[in-house]
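The next block is start23.txt, given as compact mmCIF, C-alpha atoms.
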# COMPACT_ATOMS: atom_id res chain seq x y z
CA MET R 1 6.13 39.50 14.36
CA THR R 2 3.44 41.59 12.69
CA PHE R 3 -0.27 40.91 12.96
CA THR R 4 -0.31 40.15 9.23
CA LEU R 5 2.27 37.41 9.61
CA VAL R 6 0.42 35.93 12.59
CA GLN R 7 -2.77 36.01 10.55
CA VAL R 8 -1.05 34.15 7.72
CA ILE R 9 0.23 31.48 10.13
CA VAL R 10 -3.17 31.03 11.78
CA GLY R 11 -4.80 30.77 8.36
CA GLY R 12 -2.23 28.13 7.41
CA LEU R 13 -2.98 26.14 10.55
CA LEU R 14 -6.71 26.18 9.80
CA LEU R 15 -6.13 25.01 6.23
CA GLY R 16 -3.62 22.44 7.43
CA ALA R 17 -6.22 20.97 9.79
CA VAL R 18 -8.47 20.29 6.79
CA TYR R 19 -5.53 18.69 4.97
CA ALA R 20 -4.98 16.50 8.01
CA LEU R 21 -8.63 15.46 8.14
CA PHE R 22 -8.87 14.05 4.63
CA SER R 23 -5.32 12.68 4.79
CA SER R 24 -6.09 10.74 7.98
CA GLY R 25 -8.50 8.56 6.01
CA LEU R 26 -5.79 7.71 3.50
CA THR R 27 -3.34 6.77 6.23
CA LEU R 28 -6.01 4.71 8.03
CA VAL R 29 -6.70 2.58 4.95
CA TRP R 30 -2.99 2.10 4.32
CA GLY R 31 -2.33 1.19 7.96
CA MET R 32 -5.06 -1.45 8.01
CA MET R 33 -4.83 -2.98 4.54
CA ASN R 34 -1.66 -1.70 2.84
CA VAL R 35 -3.90 -0.35 0.07
CA VAL R 36 -3.04 2.95 -1.62
CA ASN R 37 -6.28 4.63 -2.66
CA PHE R 38 -5.62 6.79 -5.73
CA ALA R 39 -9.28 7.85 -5.72
CA HIS R 40 -8.92 9.52 -2.33
CA GLY R 41 -8.75 13.05 -3.72
CA ASP R 42 -11.82 12.40 -5.83
CA PHE R 43 -13.73 11.39 -2.72
CA VAL R 44 -12.98 14.87 -1.37
CA MET R 45 -14.20 16.32 -4.68
CA LEU R 46 -17.49 14.44 -4.30
CA GLY R 47 -17.92 15.91 -0.83
CA MET R 48 -17.51 19.38 -2.32
CA TYR R 49 -20.19 18.70 -4.93
CA VAL R 50 -22.56 17.38 -2.27
CA ALA R 51 -22.17 20.71 -0.45
CA PHE R 52 -22.83 22.56 -3.70
CA VAL R 53 -25.98 20.53 -4.47
CA VAL R 54 -27.28 21.04 -0.93
CA TYR R 55 -26.86 24.79 -1.31
CA THR R 56 -28.36 24.85 -4.82
CA LEU R 57 -31.43 22.74 -4.04
CA LEU R 58 -32.05 23.51 -0.37
CA GLY R 59 -30.20 26.75 0.24
CA GLY R 60 -28.40 25.03 3.11
CA GLY R 61 -24.88 25.61 4.33
CA PRO R 62 -22.32 23.34 6.02
CA LEU R 63 -24.66 22.49 8.88
CA ILE R 64 -26.67 20.44 6.38
CA GLY R 65 -24.10 19.77 3.68
CA ALA R 66 -21.29 18.49 5.91
CA PRO R 67 -23.26 15.74 7.73
CA LEU R 68 -24.93 14.69 4.47
CA ALA R 69 -21.60 14.54 2.63
CA THR R 70 -20.11 12.51 5.48
CA LEU R 71 -22.99 10.02 5.39
CA LEU R 72 -23.05 9.67 1.59
CA LEU R 73 -19.29 9.26 1.26
CA ALA R 74 -19.17 6.78 4.15
CA THR R 75 -21.80 4.73 2.34
CA LEU R 76 -19.80 4.98 -0.88
CA GLY R 77 -16.70 3.82 1.01
CA VAL R 78 -18.46 0.64 2.14
CA ILE R 79 -19.77 -0.01 -1.38
CA VAL R 80 -16.30 0.49 -2.89
CA TYR R 81 -14.77 -1.87 -0.35
CA PHE R 82 -17.15 -4.76 -1.02
CA ALA R 83 -17.44 -4.16 -4.77
CA LEU R 84 -13.77 -3.54 -5.55
CA ILE R 85 -11.19 -3.39 -2.78
CA ARG R 86 -11.92 -6.73 -1.10
CA ASP R 87 -11.15 -8.53 -4.35
CA ILE R 88 -8.17 -6.57 -5.61
CA MET R 89 -6.49 -6.88 -2.20
CA LYS R 90 -5.93 -10.54 -3.09
CA GLY R 91 -3.97 -9.57 -6.17
CA PRO R 92 -0.62 -7.82 -6.68
CA MET R 93 0.02 -4.20 -5.76
CA LEU R 94 -0.33 -3.26 -9.44
CA ALA R 95 -3.96 -4.43 -9.35
CA GLN R 96 -4.62 -2.15 -6.36
CA ILE R 97 -3.00 0.81 -8.09
CA LEU R 98 -4.83 0.35 -11.37
CA GLY R 99 -8.12 -0.48 -9.63
CA THR R 100 -8.22 2.64 -7.47
CA PHE R 101 -6.87 4.77 -10.31
CA GLY R 102 -9.67 3.49 -12.53
CA LEU R 103 -12.15 4.29 -9.77
CA ALA R 104 -10.77 7.84 -9.63
CA LEU R 105 -11.31 8.28 -13.36
CA LEU R 106 -14.83 6.84 -13.13
CA LEU R 107 -15.81 9.27 -10.35
CA ARG R 108 -14.14 12.24 -12.02
CA TYR R 109 -15.67 11.81 -15.45
CA SER R 110 -19.06 10.96 -14.00
CA VAL R 111 -19.01 14.37 -12.33
CA PHE R 112 -17.83 15.92 -15.61
CA TRP R 113 -20.82 14.37 -17.36
CA TRP R 114 -23.32 15.53 -14.75
CA PHE R 115 -22.03 19.00 -13.78
CA GLY R 116 -19.76 19.98 -16.67
CA ALA R 117 -16.24 21.38 -16.50
CA ASN R 118 -17.10 24.88 -15.26
CA PHE R 119 -15.62 26.18 -12.03
CA LEU R 120 -18.25 26.48 -9.30
CA SER R 121 -18.19 28.14 -5.91
CA LEU R 122 -20.33 28.77 -2.87
CA PRO R 123 -21.15 32.31 -1.64
CA GLU R 124 -18.40 33.81 0.52
CA ASN R 125 -20.92 34.80 3.18
CA LEU R 126 -22.56 31.36 3.36
CA VAL R 127 -21.05 30.67 6.78
CA GLY R 128 -20.66 34.24 7.95
CA GLY R 129 -18.44 37.24 7.58
CA THR R 130 -15.03 37.85 9.09
CA PHE R 131 -14.06 37.63 12.74
CA ASP R 132 -11.59 39.97 14.39
CA ILE R 133 -9.80 38.06 17.16
CA PHE R 134 -7.15 40.14 18.96
CA GLY R 135 -6.48 42.03 15.75
CA ILE R 136 -6.32 38.87 13.60
CA ARG R 137 -9.01 38.80 10.91
CA LEU R 138 -10.25 35.33 9.97
CA GLN R 139 -12.94 34.23 7.56
CA ALA R 140 -15.74 32.41 9.35
CA SER R 141 -15.73 29.66 6.72
CA ARG R 142 -12.02 28.93 7.22
CA LEU R 143 -12.35 29.11 10.99
CA LEU R 144 -15.25 26.66 10.97
CA ALA R 145 -13.48 24.27 8.61
CA GLY R 146 -10.23 24.32 10.56
CA VAL R 147 -11.76 23.89 14.01
CA VAL R 148 -14.14 21.09 12.95
CA ALA R 149 -11.38 19.31 11.02
CA LEU R 150 -9.01 19.49 13.98
CA LEU R 151 -11.62 18.13 16.41
CA VAL R 152 -12.67 15.30 14.09
CA THR R 153 -9.04 14.28 13.42
CA LEU R 154 -8.32 14.17 17.14
CA GLY R 155 -11.55 12.22 17.63
CA LEU R 156 -10.44 9.71 15.01
CA HIS R 157 -7.16 9.22 16.86
CA LEU R 158 -9.04 8.65 20.13
CA LEU R 159 -11.38 6.21 18.38
CA LEU R 160 -8.43 4.12 17.24
CA THR R 161 -6.55 4.21 20.54
CA ARG R 162 -9.22 4.40 23.26
CA THR R 163 -12.19 2.30 22.10
CA THR R 164 -12.98 -1.37 21.61
CA LEU R 165 -13.74 -0.76 17.95
CA GLY R 166 -10.36 0.89 17.50
CA SER R 167 -8.61 -2.03 19.22
CA ARG R 168 -10.33 -4.47 16.86
CA MET R 169 -9.37 -2.43 13.83
CA LEU R 170 -5.75 -2.24 14.99
CA ALA R 171 -5.77 -5.99 15.65
CA VAL R 172 -6.86 -6.62 12.06
CA ALA R 173 -4.16 -4.24 10.84
CA GLU R 174 -1.54 -6.13 12.85
CA ASP R 175 -2.57 -9.66 11.86
CA ALA R 176 -5.91 -10.33 10.17
CA THR R 177 -5.63 -14.11 10.59
CA ALA R 178 -4.91 -13.92 14.31
CA ALA R 179 -7.71 -11.38 14.76
CA GLN R 180 -10.14 -13.75 13.04
CA LEU R 181 -9.15 -16.53 15.45
CA MET R 182 -10.05 -14.14 18.28
CA GLY R 183 -13.57 -13.72 16.90
CA ILE R 184 -12.99 -10.47 14.99
CA ARG R 185 -14.30 -10.31 11.43
CA PRO R 186 -11.63 -8.66 9.25
CA ASP R 187 -14.16 -7.90 6.51
CA SER R 188 -16.32 -5.90 8.89
CA MET R 189 -13.41 -3.96 10.37
CA GLN R 190 -11.97 -3.15 6.96
CA ALA R 191 -15.37 -2.02 5.68
CA ILE R 192 -15.70 0.24 8.73
CA ALA R 193 -12.23 1.63 8.03
CA TRP R 194 -13.29 2.49 4.48
CA ALA R 195 -16.49 4.07 5.77
CA ILE R 196 -14.52 6.22 8.23
CA ALA R 197 -11.90 7.17 5.65
CA ALA R 198 -14.45 8.08 2.98
CA GLY R 199 -16.67 9.85 5.50
CA ALA R 200 -13.71 11.99 6.59
CA THR R 201 -13.08 13.00 2.97
CA GLY R 202 -16.76 13.89 2.54
CA LEU R 203 -16.69 16.07 5.64
CA ALA R 204 -13.45 17.74 4.56
CA GLY R 205 -14.79 18.34 1.06
CA ALA R 206 -18.00 19.92 2.33
CA LEU R 207 -16.02 22.19 4.67
CA ILE R 208 -13.38 23.25 2.15
CA ALA R 209 -16.04 23.93 -0.51
CA THR R 210 -17.05 27.07 1.38
CA PHE R 211 -13.79 28.79 0.37
CA PHE R 212 -12.23 26.63 -2.37
CA TYR R 213 -13.06 26.33 -6.05
CA ILE R 214 -15.21 23.35 -7.07
CA VAL R 215 -14.34 21.54 -10.30
CA PRO R 216 -14.14 17.81 -11.21
CA THR R 217 -10.34 17.91 -11.47
CA VAL R 218 -9.82 19.38 -8.00
CA GLY R 219 -9.39 15.81 -6.72
CA GLU R 220 -6.04 15.61 -8.51
CA THR R 221 -4.65 18.54 -6.53
CA LEU R 222 -6.12 17.44 -3.21
CA GLY R 223 -5.03 13.85 -3.80
CA ILE R 224 -1.42 14.95 -4.20
CA VAL R 225 -1.71 17.01 -1.01
CA ALA R 226 -3.05 13.95 0.82
CA PHE R 227 -0.20 11.72 -0.36
CA VAL R 228 2.42 14.31 0.57
CA THR R 229 0.81 14.79 3.99
CA VAL R 230 0.67 11.06 4.69
CA SER R 231 4.23 10.49 3.45
CA LEU R 232 5.55 13.34 5.55
CA GLY R 233 3.65 12.28 8.65
CA GLY R 234 4.37 8.57 8.21
CA PHE R 235 2.08 6.03 6.54
CA GLY R 236 -0.34 4.53 9.05
CA SER R 237 -0.03 7.33 11.64
CA VAL R 238 -3.04 9.58 12.24
CA PRO R 239 -1.07 11.89 14.62
CA GLY R 240 1.62 12.06 11.95
CA ALA R 241 -0.97 13.11 9.36
CA LEU R 242 -2.22 15.80 11.74
CA VAL R 243 1.23 17.26 12.40
CA ALA R 244 2.21 17.04 8.72
CA GLY R 245 -1.06 18.64 7.59
CA LEU R 246 -0.56 21.58 9.93
CA LEU R 247 3.05 21.99 8.79
CA ILE R 248 2.12 21.92 5.12
CA GLY R 249 -0.69 24.42 5.67
CA VAL R 250 1.65 26.84 7.43
CA ILE R 251 4.45 26.43 4.87
CA GLU R 252 1.99 27.01 2.01
CA SER R 253 0.60 30.15 3.61
CA LEU R 254 3.99 31.60 4.56
CA SER R 255 5.58 30.92 1.18
CA GLY R 256 2.54 32.33 -0.61
CA TYR R 257 2.73 35.49 1.52
CA LEU R 258 6.50 35.96 1.43
CA ILE R 259 7.45 34.97 -2.13
CA GLY R 260 4.14 34.65 -4.01
CA ALA R 261 1.31 32.16 -4.33
CA VAL R 262 2.69 30.84 -7.64
CA TYR R 263 5.75 29.42 -5.87
CA LYS R 264 4.17 27.96 -2.74
CA ASP R 265 3.88 24.44 -4.15
CA ILE R 266 7.54 24.50 -5.20
CA VAL R 267 8.56 25.39 -1.65
CA VAL R 268 6.34 22.71 -0.08
CA TYR R 269 7.48 19.88 -2.34
CA THR R 270 11.15 20.89 -2.20
CA LEU R 271 11.13 20.84 1.60
CA PHE R 272 9.15 17.59 1.52
CA LEU R 273 11.68 15.83 -0.71
CA GLY R 274 14.56 17.22 1.33
CA PHE R 275 13.03 15.91 4.56
CA LEU R 276 12.37 12.43 3.15
CA TRP R 277 15.97 12.27 2.00
CA PHE R 278 17.03 12.17 5.67
CA ARG R 279 13.95 10.45 7.16
CA PRO R 280 12.15 8.37 4.52
CA GLN R 281 9.71 6.86 7.03
CA GLY R 282 8.24 10.28 7.80
CA LEU R 283 7.79 12.13 11.07
CA MET R 284 6.01 9.37 12.99
CA GLY R 285 6.36 6.40 10.68
CA LYS R 286 7.94 3.15 11.74
CA THR R 287 11.44 2.33 10.59

Once more with this new file: its structure as structure tokens, please.
Amino acid sequence: MTFTLVQVIVGGLLLGAVYALFSSGLTLVWGMMNVVNFAHGDFVMLGMYVAFVVYTLLGGGPLIGAPLATLLLATLGVIVYFALIRDIMKGPMLAQILGTFGLALLLRYSVFWWFGANFLSLPENLVGGTFDIFGIRLQASRLLAGVVALLVTLGLHLLLTRTTLGSRMLAVAEDATAAQLMGIRPDSMQAIAWAIAAGATGLAGALIATFFYIVPTVGETLGIVAFVTVSLGGFGSVPGALVAGLLIGVIESLSGYLIGAVYKDIVVYTLFLGFLWFRPQGLMGKT
């Protein structure tokens, strides 16, 4: 295996970790409330624009932009839950779909109105140059994004499985009525879940903005990636989202290197559909 091929695989793993980070929020919301958030990709887009504004106004990089994007998007997640989601959860699935889809359009065209439709980008050297690790050359921005995303995704899994807060959230996901009888407030736990999910998208958006194009419609692309990642990993499974995100990142990178970047999406989605044909519940989903 040549160094170039190893470099492509490592790059795919780093990108896949970012995919896993913003997809974990989608799977968390689904696992707790059975709500499909069609505005999820647009939350990531907002995180990217927060990073751009931080750089434009303050000259700051991810060390300022990423925490700020996480905080702002987490706050937005709580607002969206109490203003929209809590009510439409009482209605049919169609109300949830149309409600979150309408939210996606509202966010997208608000950004269009404020920033315009031009493609924006951050300087390539904002994070640093390129590292040479055992002959493998990696962009500092991609390395930072991948490592942080991987650590935060693992931290989210530990939060859900090793803490009292996580136990309460999982109890609400299992049976909200029974959890309420045990003194747990479902509203609070669900609002926290939305804050965590939206905060993860803000962090991912701020990290990916250092090497990805920034445009109001980028949420469409990233939203599709999130849904594919969650479906492949299994709805409701954060470890599944992590494994699926890494797989998709590697497959994208390898197919782009071996047969051309134009065809990488075709390869990813073909393999995805083929896999779901045999295992529709995903890698770690429940039957």

- Task: Find the residues around Thr221 in chain R up to 12 Å (all atoms listed in the file counted), leave out those fewer than 2 positions away in its own chain, and share them as a PyMOL selection string.
- Result: chain R and resi 19+38-42+44-45+212-219+223-228+265

- Query: Any idea what the distance is between CA of Tyr81 in chain R and CA of Ala95 in chain R?
  - Reply: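 Here the two named atoms are 14.3 Å from each other.
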
- Note on the structure: Judged by only C-alpha atoms, the minimum distance to Phe101 in chain R among R:Val35, R:Ala66, R:Leu28, R:Leu154 is found for R:Val35

- Message: Let me make sure I understand: among R:Leu151, R:Tyr49, R:Gly260, R:Phe22, which one has the smallest atom-to-atom distance to Ser110 in chain R if we use only C-alpha atoms?
- Response: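 Looking only at the distances to Ser110 in chain R, the closest residue turns out to be R:Tyr49.
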
- Which polymer residues, protein or nucleic acid, are no farther than 9 Å from (-16.7, 18.1, 8.3), counting only C-alpha atoms, as a VMD selection string? chain R and resid 18 21 62 65 to 67 69 to 70 145 148 to 149 152 199 to 208

- Message: Taking only C-alpha atoms into account, name the residue in R:Leu107, R:Leu13, R:Ala20, R:Leu273 that is nearest to Leu156 in chain R.
- Response: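 Distance minimum relative to Leu156 in chain R lands on R:Ala20.
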
- Distance CA of Trp113 in chain R-CA of Leu68 in chain R, one decimal place?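 These two atoms are separated by 22.2 Å.
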
- Message: Using all atoms listed in the file, which protein or nucleic acid residues come within 12 Å of range 160-162 of chain R? Drop anything in the same chain fewer than 3 positions from it, and give the result as a VMD selection string.
- Response: chain R and resid 24 28 31 to 32 153 to 157 165 to 171 173 189 192 to 193 196 236 to 239

- What is the distance, in Å and to one decimal place, between CA of Thr4 in chain R and CA of Tyr257 in chain R? 9.5 Å

Where atoms are absent from range 175-186 of chain R, fill them in so it carries all heavy atoms, then output it as a PDB file, in the coordinates of the input.
ATOM      1  N   ASP R 175      -2.557  -8.289  12.369  1.00  0.00           N
ATOM      2  CA  ASP R 175      -2.570  -9.660  11.860  1.00  0.00           C
ATOM      3  C   ASP R 175      -4.027 -10.086  11.676  1.00  0.00           C
ATOM      4  O   ASP R 175      -4.703 -10.447  12.641  1.00  0.00           O
ATOM      5  CB  ASP R 175      -1.855 -10.608  12.827  1.00  0.00           C
ATOM      6  CG  ASP R 175      -1.607 -11.989  12.229  1.00  0.00           C
ATOM      7  OD1 ASP R 175      -2.437 -12.439  11.428  1.00  0.00           O
ATOM      8  OD2 ASP R 175      -0.575 -12.600  12.553  1.00  0.00           O
ATOM      9  N   ALA R 176      -4.501 -10.041  10.439  1.00  0.00           N
ATOM     10  CA  ALA R 176      -5.910 -10.330  10.170  1.00  0.00           C
ATOM     11  C   ALA R 176      -6.266 -11.771  10.528  1.00  0.00           C
ATOM     12  O   ALA R 176      -7.364 -12.038  11.040  1.00  0.00           O
ATOM     13  CB  ALA R 176      -6.224 -10.060   8.698  1.00  0.00           C
ATOM     14  N   THR R 177      -5.350 -12.706  10.294  1.00  0.00           N
ATOM     15  CA  THR R 177      -5.630 -14.110  10.590  1.00  0.00           C
ATOM     16  C   THR R 177      -5.772 -14.340  12.083  1.00  0.00           C
ATOM     17  O   THR R 177      -6.710 -14.996  12.548  1.00  0.00           O
ATOM     18  CB  THR R 177      -4.518 -15.012  10.016  1.00  0.00           C
ATOM     19  OG1 THR R 177      -4.412 -14.789   8.612  1.00  0.00           O
ATOM     20  CG2 THR R 177      -4.828 -16.474  10.280  1.00  0.00           C
ATOM     21  N   ALA R 178      -4.845 -13.784  12.858  1.00  0.00           N
ATOM     22  CA  ALA R 178      -4.910 -13.920  14.310  1.00  0.00           C
ATOM     23  C   ALA R 178      -6.158 -13.240  14.871  1.00  0.00           C
ATOM     24  O   ALA R 178      -6.800 -13.754  15.793  1.00  0.00           O
ATOM     25  CB  ALA R 178      -3.655 -13.338  14.947  1.00  0.00           C
ATOM     26  N   ALA R 179      -6.505 -12.087  14.302  1.00  0.00           N
ATOM     27  CA  ALA R 179      -7.710 -11.380  14.760  1.00  0.00           C
ATOM     28  C   ALA R 179      -8.954 -12.212  14.494  1.00  0.00           C
ATOM     29  O   ALA R 179      -9.872 -12.255  15.323  1.00  0.00           O
ATOM     30  CB  ALA R 179      -7.811 -10.027  14.059  1.00  0.00           C
ATOM     31  N   GLN R 180      -8.996 -12.914  13.368  1.00  0.00           N
ATOM     32  CA  GLN R 180     -10.140 -13.750  13.040  1.00  0.00           C
ATOM     33  C   GLN R 180     -10.272 -14.909  14.022  1.00  0.00           C
ATOM     34  O   GLN R 180     -11.378 -15.301  14.407  1.00  0.00           O
ATOM     35  CB  GLN R 180     -10.005 -14.274  11.610  1.00  0.00           C
ATOM     36  CG  GLN R 180     -11.265 -14.925  11.065  1.00  0.00           C
ATOM     37  CD  GLN R 180     -11.164 -15.188   9.573  1.00  0.00           C
ATOM     38  OE1 GLN R 180     -10.084 -15.123   8.995  1.00  0.00           O
ATOM     39  NE2 GLN R 180     -12.288 -15.458   8.941  1.00  0.00           N
ATOM     40  N   LEU R 181      -9.132 -15.450  14.462  1.00  0.00           N
ATOM     41  CA  LEU R 181      -9.150 -16.530  15.450  1.00  0.00           C
ATOM     42  C   LEU R 181      -9.657 -16.034  16.805  1.00  0.00           C
ATOM     43  O   LEU R 181     -10.153 -16.835  17.608  1.00  0.00           O
ATOM     44  CB  LEU R 181      -7.741 -17.113  15.605  1.00  0.00           C
ATOM     45  CG  LEU R 181      -7.188 -17.853  14.377  1.00  0.00           C
ATOM     46  CD1 LEU R 181      -5.754 -18.270  14.609  1.00  0.00           C
ATOM     47  CD2 LEU R 181      -8.054 -19.063  14.048  1.00  0.00           C
ATOM     48  N   MET R 182      -9.552 -14.733  17.036  1.00  0.00           N
ATOM     49  CA  MET R 182     -10.050 -14.140  18.280  1.00  0.00           C
ATOM     50  C   MET R 182     -11.511 -13.714  18.175  1.00  0.00           C
ATOM     51  O   MET R 182     -12.046 -13.094  19.092  1.00  0.00           O
ATOM     52  CB  MET R 182      -9.192 -12.923  18.646  1.00  0.00           C
ATOM     53  CG  MET R 182      -7.726 -13.236  18.921  1.00  0.00           C
ATOM     54  SD  MET R 182      -7.515 -14.283  20.374  1.00  0.00           S
ATOM     55  CE  MET R 182      -8.024 -13.152  21.667  1.00  0.00           C
ATOM     56  N   GLY R 183     -12.164 -14.037  17.063  1.00  0.00           N
ATOM     57  CA  GLY R 183     -13.570 -13.720  16.900  1.00  0.00           C
ATOM     58  C   GLY R 183     -13.853 -12.389  16.239  1.00  0.00           C
ATOM     59  O   GLY R 183     -15.001 -11.927  16.223  1.00  0.00           O
ATOM     60  N   ILE R 184     -12.828 -11.752  15.680  1.00  0.00           N
ATOM     61  CA  ILE R 184     -12.990 -10.470  14.990  1.00  0.00           C
ATOM     62  C   ILE R 184     -13.119 -10.730  13.494  1.00  0.00           C
ATOM     63  O   ILE R 184     -12.329 -11.481  12.923  1.00  0.00           O
ATOM     64  CB  ILE R 184     -11.795  -9.534  15.270  1.00  0.00           C
ATOM     65  CG1 ILE R 184     -11.641  -9.290  16.770  1.00  0.00           C
ATOM     66  CG2 ILE R 184     -11.964  -8.208  14.536  1.00  0.00           C
ATOM     67  CD1 ILE R 184     -10.364  -8.553  17.135  1.00  0.00           C
ATOM     68  N   ARG R 185     -14.097 -10.134  12.871  1.00  0.00           N
ATOM     69  CA  ARG R 185     -14.300 -10.310  11.430  1.00  0.00           C
ATOM     70  C   ARG R 185     -13.513  -9.251  10.660  1.00  0.00           C
ATOM     71  O   ARG R 185     -13.877  -8.062  10.687  1.00  0.00           O
ATOM     72  CB  ARG R 185     -15.774 -10.225  11.092  1.00  0.00           C
ATOM     73  CG  ARG R 185     -16.623 -11.322  11.726  1.00  0.00           C
ATOM     74  CD  ARG R 185     -18.069 -11.218  11.299  1.00  0.00           C
ATOM     75  NE  ARG R 185     -18.209 -11.312   9.845  1.00  0.00           N
ATOM     76  CZ  ARG R 185     -19.361 -11.159   9.208  1.00  0.00           C
ATOM     77  NH1 ARG R 185     -20.466 -10.873   9.892  1.00  0.00           N
ATOM     78  NH2 ARG R 185     -19.418 -11.267   7.884  1.00  0.00           N
ATOM     79  N   PRO R 186     -12.428  -9.643   9.997  1.00  0.00           N
ATOM     80  CA  PRO R 186     -11.630  -8.660   9.250  1.00  0.00           C
ATOM     81  C   PRO R 186     -12.436  -7.886   8.218  1.00  0.00           C
ATOM     82  O   PRO R 186     -12.241  -6.682   8.046  1.00  0.00           O
ATOM     83  CB  PRO R 186     -10.545  -9.519   8.587  1.00  0.00           C
ATOM     84  CG  PRO R 186     -10.432 -10.711   9.463  1.00  0.00           C
ATOM     85  CD  PRO R 186     -11.823 -10.985   9.961  1.00  0.00           C
TER      86      PRO R 186
END
